[in-house]
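J.: Before I ask anything, let me first share the structure, which is written out below as structure tokens.
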Amino acid sequence: MKRLAVLFSLLSLVLAFAFGASVNNAFAEDLVATADIRGCTDKNISGTGTLIERHTQEGVKQVDVSLIVKGLKDGKHAVHIHETASCEPCGSAKGHHDPGPNSNSAPDAPDFNHPFHMGDLVNIEVKDGLGVMQTTTNRVSLSAGRLNIFDQDGSSFIIHTNADQYCDQEGELAKGCAGGARDACGIIKLR
Ligand SMILES: [Cu+2]
């Protein structure tokens, strides 16, 4: 038990360093947002999400997203930006962030309109209890505009129990193909 505790404190140190390094890579004009990730019910799940919108001369918006989370079950888990800055309970984060014209056609069906949601990201892969994910998206922005995740009710990361199958068939999508139940959540805050 003691060995496990030492291992976890070492792991936290590594996480803190990796997180600090990614934020320190941001330039002054870049926008940075972070999220404190906590398990929906499992208190052993914790981590950090980071988003960096790189400043460019021509104004294209690309956001580097990284997640480091410990305590999830090994394997792949769906990760999305959900439409509300609320994690208690995790269901209050509501559906996937999707400010587009068809976003409200089935607001209570999280698998509906997948993979068109702007908040759709990529799976986090967990090995030996440690999950790492890194991706770049131009579907969302931290700066003002119609893709901005900091709308009136904000946004949150949700990590699901199962992998996102990136479901894409015509018509009604298979229930749960976007990851199913919710394991962890983190409200995204601009730094
Ligand atoms: Cu989701």
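Ligands are numbered from 1 in the order shown, residues from 1 within each chain, and chains are lettered A, B, ... in the order they appear in the structure tokens.
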To test your reading of the structure, identify every residue in region 43-166 of chain A that backbone DSSP assigns to strand (DSSP E), and report it as number ranges by chain.
T.: A: 46-53, 63-70, 75-77, 79-82, 124-127, 130-137, 156-160
J.: When you look at Val79 (chain A) with a cut-off of 7 Å (counting only C-alpha atoms), what residues show up, excluding the ones that are within fewer than 6 positions of it in the same chain? I need them as a CSV table (one decimal) with N, CA and C atoms, in the first residue's frame.
T.:
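Full text of out-v8.csv as output:
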```csv
chain,number,residue,atom,x,y,z
A,121,LEU,N,-13.6,15.2,-29.8
A,121,LEU,CA,-12.1,15.2,-29.8
A,121,LEU,C,-11.7,13.7,-30.1
A,122,VAL,N,-10.6,13.3,-29.6
A,122,VAL,CA,-10.1,11.9,-29.8
A,122,VAL,C,-10.0,11.2,-28.5
A,123,ASN,N,-9.9,9.9,-28.6
A,123,ASN,CA,-9.9,9.0,-27.3
A,123,ASN,C,-8.6,9.3,-26.6
A,124,ILE,N,-8.7,9.2,-25.2
A,124,ILE,CA,-7.6,9.2,-24.4
A,124,ILE,C,-7.2,7.7,-24.1
A,157,PHE,N,-14.8,19.5,-20.1
A,157,PHE,CA,-14.3,18.2,-20.7
A,157,PHE,C,-15.2,17.1,-20.0
A,158,ILE,N,-15.6,16.1,-20.8
A,158,ILE,CA,-16.1,14.9,-20.3
A,158,ILE,C,-15.3,13.7,-20.8
A,159,ILE,N,-14.9,12.8,-19.9
A,159,ILE,CA,-14.2,11.6,-20.3
A,159,ILE,C,-15.2,10.5,-20.1
A,160,HIS,N,-15.5,9.7,-21.1
A,160,HIS,CA,-16.5,8.6,-21.0
A,160,HIS,C,-15.9,7.3,-20.6
```
J.: Just give me the gap between CA of Glu125 (chain A) and CA of Gly176 (chain A) in Å, one decimal is fine.
T.: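 Calculated distance between CA of Glu125 (chain A) and CA of Gly176 (chain A) is 18.2 Å.
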J.: So how far away is CA of Asn148 (chain A) from CA of His77 (chain A), in Å?
T.: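 Straight-line distance from CA of His77 (chain A) to CA of Asn148 (chain A) works out to 24.4 Å.
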J.: Counting only C-alpha atoms and all ligand atoms, which of A:His114, A:His97, A:Lys127, A:His80 gets nearest to ligand 1?
T.: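 Looking at the shortest contact to ligand 1, the residue is A:His80.
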J.: Ligand 1: which residues are within 12 Å, counting only C-alpha atoms and all ligand atoms? Reply as a VMD selection string.
T.: chain A and resid 77 to 84 90 to 98 109 to 112 114 to 115 117 to 123 155 to 166 176 to 186
J.: Nearest residue to Gln62 (chain A) out of A:Ile149, A:Ala26, A:Ala85, A:Val140, using only C-alpha atoms?
T.: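 Counting only C-alpha atoms, the residue closest to Gln62 (chain A) is A:Val140.
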J.: So which bits of region 86-166 of chain A end up helix (DSSP H, G or I) when you DSSP the backbone, as a list in words?
T.: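 The helix (DSSP H, G or I) subset of region 86-166 of chain A is Cys90, Gly91, Ser92 and Ala93 of chain A.
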J.: Excluding Gly131 (chain A) and its own-chain neighbours fewer than 6 positions away, which residues fall within 8 Å of it when counting only C-alpha atoms? Please give them as a list of chain:residue names.
T.: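 Everything that qualifies: A:Leu67, A:Ile68, A:Val69, A:Lys70, A:Leu72, A:Ile124, A:Glu125.
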J.: Please indicate the distance in Å from CA of Ala174 (chain A) to CA of Cys40 (chain A), rounded to one decimal place.
T.: 23.9 Å
J.: What lies within 6 Å of Val126 (chain A) using only C-alpha atoms, ignoring chain neighbours under 2 positions off, as a PyMOL selection string?
T.: chain A and resi 74-75+129-131
J.: Go ahead and dump the residues you just picked, C-alpha atoms, as a short mmCIF file (atom, residue, chain, number, x, y, z; two decimals), in the first residue's frame.
T.:
```cif
data_model
loop_
_atom_site.label_atom_id
_atom_site.label_comp_id
_atom_site.auth_asym_id
_atom_site.auth_seq_id
_atom_site.Cartn_x
_atom_site.Cartn_y
_atom_site.Cartn_z
CA ASP A 74 -6.98 0.96 -18.74
CA GLY A 75 -8.00 1.20 -22.38
CA GLY A 129 -3.79 3.82 -14.72
CA LEU A 130 -2.19 6.75 -16.52
CA GLY A 131 -3.97 8.36 -19.47
#
```
J.: Given the choices A:Val63, A:Ile187, A:Ala28, A:Cys167, which gets closest to Gly47 (chain A) if the distance is worked out from only C-alpha atoms?
T.: A:Ile187
